[in-house]
Amino acid sequence: MQLDFATRELTIKLVYYGPALSGKTTNLQALHEAAVGDSKGRLMTLDTKDDRTLFFDLLPLNFKDVSGLSVRLKVFTVPGQVIHSATRRLVVQGADGVAFIADSRESETDTNAEAFVDLRDNLKAQGIALENMPLVIQFNKRDMPGARSESEIASDAAGGREPVYLAVATKGQGVVECFIGLLHLTWQSIEKQHGLGKKFGFDGEGFIENVAEKLGRHEALDRILACRVGQARLGGKS
Amino acid sequence: MNDSPRSLNDIAISQKFELEDLLDRPALVEMVHSFEVLFGIPLRVYSATGALLADTGAVPSLYKYLETTRGGRIAVQSVIVEVRRSKPNDAVSSQVRCISGGQYLTTAIVYEGHTLGRTIFGPFLSPEVQAPPAELFDLDPALERAELEAHWAGLSRLSEEYCKRIDHHLRSTLDLLVFSGLKAHLASSMHLASVRESFRELGDKNKKLQQAYDRLKELDRLKSNFLATVSHELRTPLTSIIGYSEMLLEGIAGEVVGEQREFLQTIHEKGEQLLGLIKSLLDLSKLESGTMSVRREELASEKVIEDVVATLTPTARKKGVVLSSSVEVDLPGLFADGERLRQVLLNLTENGIKFTAQGGVVSVSARVVSLSSDKGGSGGVLLGAARRLAVEFRVSDTGIGIDEEERERVFDAFYQVDSSSTREAGGTGLGLSIVKRLVDSHDGTVRVEGNEPQGTVFVVTIPIKRATS
């Protein structure tokens, strides 16, 4: 997070992490498509000829709060391929929140687990414990044959702390909900550390609702946040 | 990469970058030029700090004419100052009027809410303006009215609607340029950072490997020391065992009869065998620690072979194996340690006999070979390198043979191709590793070949060195 008091600008870095070909870039593309008006910037992709992410993708989203604070959201993806470990470590540096995009297919369970361990190690290398990082998990590719059942994921989700979302990123399903969930969690963590609500009169919840609106979800924040799996265990105001 | 001047976070999060970093100057000048050709109106690009980044240097003829007089020059200067002072809003371009009755359009270059610079486009006239303003004629008495009118009529005209479209086009073109520039900038910064990160990672790993290697080397040295000490200490009591059993056998302590003699002989024999093993261990540890000295002398290869064959003929005969030798005539002498060379051939020949079944043949031969031709290249000869001669000893048997993939490993200490066969054949597994080290100490080579149709050939090559070399 970066806060410029002079220009009243807040920059938040969100990172989409996950194994290769789990749909991180597709998530960003879906978000980019969903965003309306002048809030969305150009989606920057640094990829190879065969559309594999080489360094990262970057989607900038800019919003202005009623309090006059301008909020810039920088949404990154990491390259999923195992060999790009150094790049992943660089991209995840300074992240305020992480969305872990997992592949729903049963066959990808090990790959998901490996990428998750990789995330934990890369955060640890920066002295950040995974528990202290705002984190949401998305099970993508729900429409693929061989996907794990929803009840199975729900029972797993009930055992973990992180909010879990289901998505079909290629169709844009579940992408915005997951993003709003991540933003909400990240916001809570930033607010707890910096107390921006008091300092700037910044209304976090209202702001997130506004972001959701700009992403095409004209609903109360509670209802969007309720889209997660295994929500019963989650405390906190929402 | 916190030590790099422009980290990913610096560029992508804080947007600490200047227009100068993102745009290629010559390309920008080209774009400005094509803009000017398309609309007939000059365009300039300034950075946020006010530095002029691109300009074609084109000046309307009216200004050129005005600048020929003092009053005109002052008027033109004040227009330039005013235009450069104008601060366009991020979203709306601002218009600055000039003495000709025309105007300039200044547009901010904004990327994601950050002002990176601005463009100045003009001067141009609105199509509604029919005549030059009166003050144009009062700038300097030296200015001719007719000429002023002619130059004024040469100014480009743009409708407000068209002007807006140009403005939009200019903004989107620059936006795209900045985006592409930023993308390239990020990619290259990221590339650099990734390479550095990988380099750091590899460096760490190398360091760890080096430490592990050093530790292993130290352990290996300790092992050799241990081996040397233990073998030495084992030898002392063994000498007594052998000595006393020998004395008993000789009847010094009274007559030995029947089974007593048989048992004593076994004790003596096994004691000698054990001593042989301990000697090999000691040899190996000496060779490993590099403390074994090689005493070179002029030496006839055929003598060594003769000696080896004479020593082992009884063993071969006992096993029913034919032991033969052949030596090339006029074999040159070697400059080597006779005792060690004998040990090498003895070891190999003994091995051959050990692994050859009854009725088989073990033969030892020696001939001269040229080392450069051995390597398969004539480069050394072409380059004038002296052709090196060597004596090649071949010890071949018709025994069980060694698989191709095992051939390199047989020289490792304690390695045995097949432990079950060894139990039958005996041995410590040290013989070949001692052979290898002894040959190495003579700068020679030893390798294993297959013997057709069955068996193994050990080939030892010792370079011929003169006493003077």
# chains A, B, ... in the order shown; residues from 1 in each chain; ligands from 1
call {"tool": "closest_atom_pairs", "arguments": {"of": "segment 101-120 of chain A", "to": "segment 22-41 of chain A", "cutoff": "8 Å", "atoms": "only C-alpha atoms", "output": "Markdown table"}}
result
| residue | atom | partner | partner_atom | distance |
| --- | --- | --- | --- | --- |
| A:Ile101 | CA | A:Ser22 | CA | 6.2 |
| A:Ala102 | CA | A:Ser22 | CA | 5.8 |
| A:Asp103 | CA | A:Ser22 | CA | 5.1 |
call {"tool": "select_by_dssp", "arguments": {"residues": "segment 43-204 of chain A", "states": "strand (DSSP E)", "output": "PDB file with N, CA and C atoms, in the first residue's frame"}}
result
ATOM      1  N   MET A  44      -2.508  -4.460 -19.078  1.00  0.00           N
ATOM      2  CA  MET A  44      -1.164  -4.663 -19.630  1.00  0.00           C
ATOM      3  C   MET A  44      -0.769  -6.119 -19.449  1.00  0.00           C
ATOM      4  N   THR A  45      -0.470  -6.780 -20.539  1.00  0.00           N
ATOM      5  CA  THR A  45      -0.030  -8.167 -20.404  1.00  0.00           C
ATOM      6  C   THR A  45       1.373  -8.298 -20.958  1.00  0.00           C
ATOM      7  N   LEU A  46       2.232  -8.892 -20.166  1.00  0.00           N
ATOM      8  CA  LEU A  46       3.604  -9.139 -20.624  1.00  0.00           C
ATOM      9  C   LEU A  46       3.716 -10.634 -20.811  1.00  0.00           C
ATOM     10  N   ASP A  47       3.361 -11.092 -22.007  1.00  0.00           N
ATOM     11  CA  ASP A  47       3.322 -12.540 -22.213  1.00  0.00           C
ATOM     12  C   ASP A  47       4.161 -12.980 -23.405  1.00  0.00           C
ATOM     13  N   THR A  53       1.893 -16.136 -19.521  1.00  0.00           N
ATOM     14  CA  THR A  53       2.394 -14.942 -18.858  1.00  0.00           C
ATOM     15  C   THR A  53       3.899 -15.081 -18.623  1.00  0.00           C
ATOM     16  N   LEU A  54       4.633 -14.055 -19.013  1.00  0.00           N
ATOM     17  CA  LEU A  54       6.081 -14.116 -18.899  1.00  0.00           C
ATOM     18  C   LEU A  54       6.529 -13.436 -17.607  1.00  0.00           C
ATOM     19  N   PHE A  55       6.081 -12.204 -17.396  1.00  0.00           N
ATOM     20  CA  PHE A  55       6.439 -11.498 -16.168  1.00  0.00           C
ATOM     21  C   PHE A  55       5.213 -11.307 -15.283  1.00  0.00           C
ATOM     22  N   PHE A  56       4.215 -10.580 -15.824  1.00  0.00           N
ATOM     23  CA  PHE A  56       2.979 -10.395 -15.070  1.00  0.00           C
ATOM     24  C   PHE A  56       1.955  -9.739 -15.986  1.00  0.00           C
ATOM     25  N   ASP A  57       0.718  -9.689 -15.508  1.00  0.00           N
ATOM     26  CA  ASP A  57      -0.298  -8.856 -16.142  1.00  0.00           C
ATOM     27  C   ASP A  57      -0.631  -7.787 -15.121  1.00  0.00           C
ATOM     28  N   LEU A  58      -1.052  -6.648 -15.621  1.00  0.00           N
ATOM     29  CA  LEU A  58      -1.378  -5.566 -14.698  1.00  0.00           C
ATOM     30  C   LEU A  58      -2.652  -4.882 -15.157  1.00  0.00           C
ATOM     31  N   LEU A  59      -3.632  -4.867 -14.272  1.00  0.00           N
ATOM     32  CA  LEU A  59      -4.865  -4.141 -14.554  1.00  0.00           C
ATOM     33  C   LEU A  59      -4.983  -3.006 -13.554  1.00  0.00           C
ATOM     34  N   PRO A  60      -4.886  -1.760 -14.017  1.00  0.00           N
ATOM     35  CA  PRO A  60      -5.063  -0.651 -13.088  1.00  0.00           C
ATOM     36  C   PRO A  60      -6.539  -0.243 -13.037  1.00  0.00           C
ATOM     37  N   LEU A  61      -7.055  -0.040 -11.852  1.00  0.00           N
ATOM     38  CA  LEU A  61      -8.434   0.437 -11.693  1.00  0.00           C
ATOM     39  C   LEU A  61      -8.366   1.671 -10.791  1.00  0.00           C
ATOM     40  N   ASN A  62      -8.980   2.747 -11.239  1.00  0.00           N
ATOM     41  CA  ASN A  62      -8.897   3.991 -10.463  1.00  0.00           C
ATOM     42  C   ASN A  62     -10.279   4.460 -10.018  1.00  0.00           C
ATOM     43  N   PHE A  63     -10.376   4.839  -8.755  1.00  0.00           N
ATOM     44  CA  PHE A  63     -11.656   5.293  -8.223  1.00  0.00           C
ATOM     45  C   PHE A  63     -11.435   6.533  -7.375  1.00  0.00           C
ATOM     46  N   LYS A  64     -12.510   7.323  -7.302  1.00  0.00           N
ATOM     47  CA  LYS A  64     -12.429   8.489  -6.424  1.00  0.00           C
ATOM     48  C   LYS A  64     -13.533   8.348  -5.387  1.00  0.00           C
ATOM     49  N   SER A  70      -8.317   9.599  -3.759  1.00  0.00           N
ATOM     50  CA  SER A  70      -8.379   8.757  -4.941  1.00  0.00           C
ATOM     51  C   SER A  70      -7.668   7.445  -4.681  1.00  0.00           C
ATOM     52  N   VAL A  71      -8.331   6.391  -5.081  1.00  0.00           N
ATOM     53  CA  VAL A  71      -7.822   5.060  -4.787  1.00  0.00           C
ATOM     54  C   VAL A  71      -7.449   4.382  -6.089  1.00  0.00           C
ATOM     55  N   ARG A  72      -6.209   3.944  -6.165  1.00  0.00           N
ATOM     56  CA  ARG A  72      -5.741   3.216  -7.344  1.00  0.00           C
ATOM     57  C   ARG A  72      -5.541   1.767  -6.956  1.00  0.00           C
ATOM     58  N   LEU A  73      -6.212   0.905  -7.673  1.00  0.00           N
ATOM     59  CA  LEU A  73      -6.028  -0.517  -7.424  1.00  0.00           C
ATOM     60  C   LEU A  73      -5.160  -1.064  -8.545  1.00  0.00           C
ATOM     61  N   LYS A  74      -4.070  -1.682  -8.175  1.00  0.00           N
ATOM     62  CA  LYS A  74      -3.196  -2.294  -9.187  1.00  0.00           C
ATOM     63  C   LYS A  74      -3.326  -3.795  -9.028  1.00  0.00           C
ATOM     64  N   VAL A  75      -3.939  -4.418  -9.997  1.00  0.00           N
ATOM     65  CA  VAL A  75      -4.156  -5.857  -9.889  1.00  0.00           C
ATOM     66  C   VAL A  75      -3.141  -6.576 -10.782  1.00  0.00           C
ATOM     67  N   PHE A  76      -2.312  -7.400 -10.153  1.00  0.00           N
ATOM     68  CA  PHE A  76      -1.246  -8.124 -10.867  1.00  0.00           C
ATOM     69  C   PHE A  76      -1.565  -9.617 -10.943  1.00  0.00           C
ATOM     70  N   THR A  77      -1.029 -10.261 -11.940  1.00  0.00           N
ATOM     71  CA  THR A  77      -0.976 -11.720 -11.903  1.00  0.00           C
ATOM     72  C   THR A  77       0.494 -12.097 -11.913  1.00  0.00           C
ATOM     73  N   GLY A  97      -2.887  -7.766  -0.776  1.00  0.00           N
ATOM     74  CA  GLY A  97      -3.832  -8.867  -0.697  1.00  0.00           C
ATOM     75  C   GLY A  97      -3.563  -9.836  -1.835  1.00  0.00           C
ATOM     76  N   VAL A  98      -3.891 -11.104  -1.606  1.00  0.00           N
ATOM     77  CA  VAL A  98      -3.620 -12.118  -2.629  1.00  0.00           C
ATOM     78  C   VAL A  98      -4.876 -12.947  -2.891  1.00  0.00           C
ATOM     79  N   ALA A  99      -5.181 -13.145  -4.176  1.00  0.00           N
ATOM     80  CA  ALA A  99      -6.230 -14.090  -4.555  1.00  0.00           C
ATOM     81  C   ALA A  99      -5.518 -15.310  -5.123  1.00  0.00           C
ATOM     82  N   PHE A 100      -5.791 -16.445  -4.554  1.00  0.00           N
ATOM     83  CA  PHE A 100      -5.170 -17.660  -5.058  1.00  0.00           C
ATOM     84  C   PHE A 100      -6.153 -18.341  -5.994  1.00  0.00           C
ATOM     85  N   ILE A 101      -5.777 -18.453  -7.268  1.00  0.00           N
ATOM     86  CA  ILE A 101      -6.667 -19.055  -8.253  1.00  0.00           C
ATOM     87  C   ILE A 101      -6.274 -20.519  -8.423  1.00  0.00           C
ATOM     88  N   ALA A 102      -7.165 -21.399  -7.987  1.00  0.00           N
ATOM     89  CA  ALA A 102      -6.893 -22.835  -8.075  1.00  0.00           C
ATOM     90  C   ALA A 102      -7.717 -23.432  -9.206  1.00  0.00           C
ATOM     91  N   ASP A 103      -7.204 -24.524  -9.722  1.00  0.00           N
ATOM     92  CA  ASP A 103      -7.917 -25.259 -10.771  1.00  0.00           C
ATOM     93  C   ASP A 103      -8.828 -26.278 -10.083  1.00  0.00           C
ATOM     94  N   LEU A 135      -6.133 -13.023   2.173  1.00  0.00           N
ATOM     95  CA  LEU A 135      -6.086 -14.046   1.125  1.00  0.00           C
ATOM     96  C   LEU A 135      -7.470 -14.616   0.851  1.00  0.00           C
ATOM     97  N   VAL A 136      -7.826 -14.687  -0.412  1.00  0.00           N
ATOM     98  CA  VAL A 136      -9.051 -15.406  -0.791  1.00  0.00           C
ATOM     99  C   VAL A 136      -8.649 -16.501  -1.774  1.00  0.00           C
ATOM    100  N   ILE A 137      -9.453 -17.541  -1.840  1.00  0.00           N
ATOM    101  CA  ILE A 137      -9.166 -18.647  -2.748  1.00  0.00           C
ATOM    102  C   ILE A 137     -10.311 -18.780  -3.746  1.00  0.00           C
ATOM    103  N   GLN A 138      -9.949 -18.904  -4.996  1.00  0.00           N
ATOM    104  CA  GLN A 138     -10.979 -19.103  -6.007  1.00  0.00           C
ATOM    105  C   GLN A 138     -10.775 -20.469  -6.656  1.00  0.00           C
ATOM    106  N   PHE A 139     -11.833 -21.263  -6.679  1.00  0.00           N
ATOM    107  CA  PHE A 139     -11.780 -22.505  -7.444  1.00  0.00           C
ATOM    108  C   PHE A 139     -12.354 -22.201  -8.817  1.00  0.00           C
ATOM    109  N   ASN A 140     -11.482 -22.104  -9.773  1.00  0.00           N
ATOM    110  CA  ASN A 140     -11.871 -21.702 -11.127  1.00  0.00           C
ATOM    111  C   ASN A 140     -12.152 -22.955 -11.960  1.00  0.00           C
ATOM    112  N   VAL A 164     -13.634 -18.703   0.270  1.00  0.00           N
ATOM    113  CA  VAL A 164     -13.453 -19.470  -0.958  1.00  0.00           C
ATOM    114  C   VAL A 164     -14.555 -19.108  -1.942  1.00  0.00           C
ATOM    115  N   TYR A 165     -14.163 -18.910  -3.196  1.00  0.00           N
ATOM    116  CA  TYR A 165     -15.135 -18.563  -4.239  1.00  0.00           C
ATOM    117  C   TYR A 165     -15.070 -19.581  -5.358  1.00  0.00           C
ATOM    118  N   LEU A 166     -16.175 -19.729  -6.044  1.00  0.00           N
ATOM    119  CA  LEU A 166     -16.215 -20.606  -7.209  1.00  0.00           C
ATOM    120  C   LEU A 166     -16.322 -19.725  -8.448  1.00  0.00           C
TER     121      LEU A 166
END
call {"tool": "closest_atom_pairs", "arguments": {"of": "chain B", "to": "chain A", "cutoff": "9 Å", "atoms": "only C-alpha atoms", "output": "CSV"}}
result
residue,atom,partner,partner_atom,distance
B:Met1,CA,A:Leu90,CA,7.2
B:Leu8,CA,A:Val91,CA,7.5
B:Asn9,CA,A:Gly94,CA,7.6
B:Ala12,CA,A:Lys74,CA,7.9
B:Ile13,CA,A:Thr11,CA,6.8
B:Ser14,CA,A:Gln2,CA,7.5
B:Glu112,CA,A:Gly41,CA,6.9
B:Gly113,CA,A:Asn62,CA,8.5
B:Phe179,CA,A:Arg42,CA,7.9
B:Lys183,CA,A:Met44,CA,7.0
B:Ala184,CA,A:Leu46,CA,8.9
B:Leu186,CA,A:Leu46,CA,8.8
B:Ala187,CA,A:Leu46,CA,6.8
B:Met190,CA,A:Phe55,CA,6.8
B:His191,CA,A:Phe55,CA,7.7
B:Ala193,CA,A:Leu90,CA,7.7
B:Ser194,CA,A:Thr87,CA,5.3
B:Val195,CA,A:Ala86,CA,8.1
B:Arg196,CA,A:Ala86,CA,8.9
B:Glu197,CA,A:Ala86,CA,5.8
B:Ser198,CA,A:Ala86,CA,5.9
B:Glu201,CA,A:Ala86,CA,8.3
call {"tool": "write_last_selection", "arguments": {"atoms": "N, CA and C atoms", "output": "PDB file, in the first residue's frame"}}
result
ATOM      1  N   MET B   1      13.545  -6.341  -5.560  1.00  0.00           N
ATOM      2  CA  MET B   1      14.887  -5.802  -5.822  1.00  0.00           C
ATOM      3  C   MET B   1      14.967  -4.358  -5.308  1.00  0.00           C
ATOM      4  N   LEU B   8      10.025  -2.814  -9.688  1.00  0.00           N
ATOM      5  CA  LEU B   8       8.686  -2.999 -10.236  1.00  0.00           C
ATOM      6  C   LEU B   8       7.691  -2.123  -9.493  1.00  0.00           C
ATOM      7  N   ASN B   9       7.810  -2.118  -8.152  1.00  0.00           N
ATOM      8  CA  ASN B   9       6.868  -1.338  -7.365  1.00  0.00           C
ATOM      9  C   ASN B   9       7.027   0.149  -7.604  1.00  0.00           C
ATOM     10  N   ALA B  12       5.400   0.503 -11.273  1.00  0.00           N
ATOM     11  CA  ALA B  12       4.004   0.139 -11.449  1.00  0.00           C
ATOM     12  C   ALA B  12       3.104   0.700 -10.353  1.00  0.00           C
ATOM     13  N   ILE B  13       3.634   0.855  -9.158  1.00  0.00           N
ATOM     14  CA  ILE B  13       2.785   1.318  -8.064  1.00  0.00           C
ATOM     15  C   ILE B  13       2.901   2.833  -7.872  1.00  0.00           C
ATOM     16  N   SER B  14       4.111   3.326  -7.718  1.00  0.00           N
ATOM     17  CA  SER B  14       4.253   4.749  -7.435  1.00  0.00           C
ATOM     18  C   SER B  14       4.248   5.573  -8.708  1.00  0.00           C
ATOM     19  N   GLU B 112      -3.087   7.590 -16.371  1.00  0.00           N
ATOM     20  CA  GLU B 112      -3.656   7.119 -15.106  1.00  0.00           C
ATOM     21  C   GLU B 112      -3.608   8.180 -14.026  1.00  0.00           C
ATOM     22  N   GLY B 113      -4.062   9.363 -14.420  1.00  0.00           N
ATOM     23  CA  GLY B 113      -4.191  10.423 -13.435  1.00  0.00           C
ATOM     24  C   GLY B 113      -2.904  11.173 -13.127  1.00  0.00           C
ATOM     25  N   PHE B 179       1.547   4.105 -23.031  1.00  0.00           N
ATOM     26  CA  PHE B 179       1.250   2.734 -22.601  1.00  0.00           C
ATOM     27  C   PHE B 179       2.313   1.756 -23.121  1.00  0.00           C
ATOM     28  N   LYS B 183       4.998  -0.264 -20.962  1.00  0.00           N
ATOM     29  CA  LYS B 183       5.017  -1.720 -21.030  1.00  0.00           C
ATOM     30  C   LYS B 183       6.446  -2.221 -21.292  1.00  0.00           C
ATOM     31  N   ALA B 184       7.072  -1.572 -22.263  1.00  0.00           N
ATOM     32  CA  ALA B 184       8.447  -1.970 -22.585  1.00  0.00           C
ATOM     33  C   ALA B 184       9.361  -1.709 -21.391  1.00  0.00           C
ATOM     34  N   LEU B 186       8.531  -1.557 -18.204  1.00  0.00           N
ATOM     35  CA  LEU B 186       8.259  -2.529 -17.145  1.00  0.00           C
ATOM     36  C   LEU B 186       8.863  -3.884 -17.478  1.00  0.00           C
ATOM     37  N   ALA B 187       8.688  -4.279 -18.751  1.00  0.00           N
ATOM     38  CA  ALA B 187       9.212  -5.589 -19.160  1.00  0.00           C
ATOM     39  C   ALA B 187      10.719  -5.635 -18.971  1.00  0.00           C
ATOM     40  N   MET B 190      11.639  -5.611 -15.318  1.00  0.00           N
ATOM     41  CA  MET B 190      11.285  -6.901 -14.731  1.00  0.00           C
ATOM     42  C   MET B 190      12.302  -7.969 -15.143  1.00  0.00           C
ATOM     43  N   HIS B 191      12.677  -7.902 -16.396  1.00  0.00           N
ATOM     44  CA  HIS B 191      13.651  -8.857 -16.921  1.00  0.00           C
ATOM     45  C   HIS B 191      14.940  -8.764 -16.109  1.00  0.00           C
ATOM     46  N   ALA B 193      15.391  -7.440 -13.180  1.00  0.00           N
ATOM     47  CA  ALA B 193      15.196  -7.835 -11.785  1.00  0.00           C
ATOM     48  C   ALA B 193      15.139  -9.353 -11.654  1.00  0.00           C
ATOM     49  N   SER B 194      14.483 -10.012 -12.610  1.00  0.00           N
ATOM     50  CA  SER B 194      14.372 -11.472 -12.553  1.00  0.00           C
ATOM     51  C   SER B 194      15.735 -12.121 -12.707  1.00  0.00           C
ATOM     52  N   VAL B 195      16.513 -11.571 -13.633  1.00  0.00           N
ATOM     53  CA  VAL B 195      17.850 -12.125 -13.848  1.00  0.00           C
ATOM     54  C   VAL B 195      18.686 -11.973 -12.578  1.00  0.00           C
ATOM     55  N   ARG B 196      18.579 -10.810 -11.963  1.00  0.00           N
ATOM     56  CA  ARG B 196      19.333 -10.575 -10.728  1.00  0.00           C
ATOM     57  C   ARG B 196      18.893 -11.516  -9.633  1.00  0.00           C
ATOM     58  N   GLU B 197      17.585 -11.686  -9.531  1.00  0.00           N
ATOM     59  CA  GLU B 197      17.037 -12.564  -8.496  1.00  0.00           C
ATOM     60  C   GLU B 197      17.526 -14.000  -8.712  1.00  0.00           C
ATOM     61  N   SER B 198      17.470 -14.445  -9.979  1.00  0.00           N
ATOM     62  CA  SER B 198      17.927 -15.800 -10.288  1.00  0.00           C
ATOM     63  C   SER B 198      19.418 -15.936  -9.993  1.00  0.00           C
ATOM     64  N   GLU B 201      19.942 -16.267  -6.368  1.00  0.00           N
ATOM     65  CA  GLU B 201      19.513 -17.580  -5.941  1.00  0.00           C
ATOM     66  C   GLU B 201      20.581 -18.633  -6.259  1.00  0.00           C
TER      67      GLU B 201
END
call {"tool": "residues_around", "arguments": {"residues": "segment 29-35 of chain B", "least_positions_apart": "4", "cutoff": "9 Å", "atoms": "only C-alpha atoms", "output": "PyMOL selection string"}}
result
chain B and resi 24-25+39-45+53-56+170
call {"tool": "write_last_selection", "arguments": {"atoms": "N, CA and C atoms", "output": "PDB file, in the first residue's frame"}}
result
ATOM      1  N   ASP B  24      10.533   7.203 -27.083  1.00  0.00           N
ATOM      2  CA  ASP B  24      11.753   7.268 -27.873  1.00  0.00           C
ATOM      3  C   ASP B  24      11.752   8.606 -28.606  1.00  0.00           C
ATOM      4  N   ARG B  25      12.763   9.427 -28.347  1.00  0.00           N
ATOM      5  CA  ARG B  25      12.761  10.800 -28.885  1.00  0.00           C
ATOM      6  C   ARG B  25      12.666  10.866 -30.404  1.00  0.00           C
ATOM      7  N   PHE B  39      -1.919  17.952 -40.773  1.00  0.00           N
ATOM      8  CA  PHE B  39      -2.817  19.075 -40.476  1.00  0.00           C
ATOM      9  C   PHE B  39      -2.244  20.434 -40.862  1.00  0.00           C
ATOM     10  N   GLY B  40      -0.987  20.465 -41.235  1.00  0.00           N
ATOM     11  CA  GLY B  40      -0.372  21.726 -41.634  1.00  0.00           C
ATOM     12  C   GLY B  40      -0.153  22.674 -40.470  1.00  0.00           C
ATOM     13  N   ILE B  41      -0.160  22.144 -39.273  1.00  0.00           N
ATOM     14  CA  ILE B  41      -0.020  23.000 -38.087  1.00  0.00           C
ATOM     15  C   ILE B  41       1.074  22.422 -37.182  1.00  0.00           C
ATOM     16  N   PRO B  42       1.992  23.277 -36.706  1.00  0.00           N
ATOM     17  CA  PRO B  42       3.084  22.774 -35.867  1.00  0.00           C
ATOM     18  C   PRO B  42       2.590  22.159 -34.543  1.00  0.00           C
ATOM     19  N   LEU B  43       3.339  21.135 -34.088  1.00  0.00           N
ATOM     20  CA  LEU B  43       3.033  20.466 -32.815  1.00  0.00           C
ATOM     21  C   LEU B  43       4.330  20.338 -32.024  1.00  0.00           C
ATOM     22  N   ARG B  44       4.226  20.647 -30.735  1.00  0.00           N
ATOM     23  CA  ARG B  44       5.403  20.477 -29.871  1.00  0.00           C
ATOM     24  C   ARG B  44       5.019  19.626 -28.669  1.00  0.00           C
ATOM     25  N   VAL B  45       5.983  18.826 -28.180  1.00  0.00           N
ATOM     26  CA  VAL B  45       5.717  17.994 -27.002  1.00  0.00           C
ATOM     27  C   VAL B  45       6.699  18.387 -25.899  1.00  0.00           C
ATOM     28  N   LEU B  53      10.562  18.030 -25.838  1.00  0.00           N
ATOM     29  CA  LEU B  53      10.944  16.671 -26.245  1.00  0.00           C
ATOM     30  C   LEU B  53      10.893  16.490 -27.757  1.00  0.00           C
ATOM     31  N   ALA B  54       9.936  17.170 -28.416  1.00  0.00           N
ATOM     32  CA  ALA B  54       9.835  17.002 -29.866  1.00  0.00           C
ATOM     33  C   ALA B  54       9.287  18.260 -30.513  1.00  0.00           C
ATOM     34  N   ASP B  55       9.894  18.605 -31.626  1.00  0.00           N
ATOM     35  CA  ASP B  55       9.542  19.842 -32.322  1.00  0.00           C
ATOM     36  C   ASP B  55      10.146  19.730 -33.707  1.00  0.00           C
ATOM     37  N   THR B  56       9.388  20.101 -34.717  1.00  0.00           N
ATOM     38  CA  THR B  56       9.989  20.003 -36.051  1.00  0.00           C
ATOM     39  C   THR B  56      10.674  21.296 -36.448  1.00  0.00           C
ATOM     40  N   LEU B 170      -5.023  13.174 -30.800  1.00  0.00           N
ATOM     41  CA  LEU B 170      -3.709  13.417 -30.216  1.00  0.00           C
ATOM     42  C   LEU B 170      -3.598  12.739 -28.851  1.00  0.00           C
TER      43      LEU B 170
END
call {"tool": "atom_distance", "arguments": {"atom1": "atom CA of Ser86 of chain B", "atom2": "atom CA of Ile99 of chain B"}}
result
15.8 Å
call {"tool": "residues_around", "arguments": {"residues": "Glu152 of chain A", "least_positions_apart": "4", "cutoff": "12 Å", "atoms": "only C-alpha atoms", "output": "count of residues only"}}
result
12
call {"tool": "residues_around", "arguments": {"residues": "segment 158-161 of chain B", "least_positions_apart": "3", "cutoff": "7 Å", "atoms": "only C-alpha atoms", "output": "PyMOL selection string"}}
result
chain B and resi 124-127+164-165
call {"tool": "write_last_selection", "arguments": {"atoms": "C-alpha atoms", "output": "compact mmCIF listing (two decimals), in the first residue's frame"}}
result
# COMPACT_ATOMS: atom_id res chain seq x y z
CA PHE B 124 -4.43 28.10 -36.42
CA LEU B 125 -7.40 30.25 -37.36
CA SER B 126 -11.07 29.63 -36.86
CA PRO B 127 -12.92 29.54 -40.23
CA LYS B 164 -11.83 18.71 -30.93
CA ARG B 165 -11.39 15.64 -33.05
call {"tool": "atom_distance", "arguments": {"atom1": "atom CA of Ile464 of chain B", "atom2": "atom CA of Ala300 of chain B"}}
result
11.3 Å
call {"tool": "residues_around", "arguments": {"residues": "Ile224 of chain A", "least_positions_apart": "6", "cutoff": "9 Å", "atoms": "only C-alpha atoms", "output": "list in words"}}
result
Val176, Glu177, Ile180, Gly181, Ala212 and Arg217 of chain A
call {"tool": "select_by_dssp", "arguments": {"residues": "segment 72-105 of chain A", "states": "alpha helix (DSSP H)", "output": "number ranges by chain"}}
result
A: 85-92
call {"tool": "write_last_selection", "arguments": {"atoms": "N, CA and C atoms", "output": "JSON list (two decimals), in the first residue's frame"}}
result
[["chain", "number", "residue", "atom", "x", "y", "z"],
["A", 85, "SER", "N", 9.98, -18.77, -10.90],
["A", 85, "SER", "CA", 9.89, -18.59, -9.46],
["A", 85, "SER", "C", 10.42, -17.22, -9.02],
["A", 86, "ALA", "N", 11.55, -16.82, -9.60],
["A", 86, "ALA", "CA", 12.16, -15.54, -9.22],
["A", 86, "ALA", "C", 11.21, -14.40, -9.53],
["A", 87, "THR", "N", 10.55, -14.47, -10.71],
["A", 87, "THR", "CA", 9.63, -13.40, -11.11],
["A", 87, "THR", "C", 8.44, -13.35, -10.15],
["A", 88, "ARG", "N", 7.93, -14.53, -9.77],
["A", 88, "ARG", "CA", 6.79, -14.56, -8.85],
["A", 88, "ARG", "C", 7.15, -13.86, -7.54],
["A", 89, "ARG", "N", 8.37, -14.14, -7.09],
["A", 89, "ARG", "CA", 8.79, -13.53, -5.83],
["A", 89, "ARG", "C", 8.82, -12.01, -5.96],
["A", 90, "LEU", "N", 9.26, -11.52, -7.11],
["A", 90, "LEU", "CA", 9.34, -10.08, -7.32],
["A", 90, "LEU", "C", 7.96, -9.46, -7.40],
["A", 91, "VAL", "N", 7.04, -10.15, -8.10],
["A", 91, "VAL", "CA", 5.71, -9.58, -8.30],
["A", 91, "VAL", "C", 4.94, -9.53, -6.98],
["A", 92, "VAL", "N", 5.11, -10.55, -6.15],
["A", 92, "VAL", "CA", 4.31, -10.61, -4.93],
["A", 92, "VAL", "C", 4.85, -9.65, -3.85]]
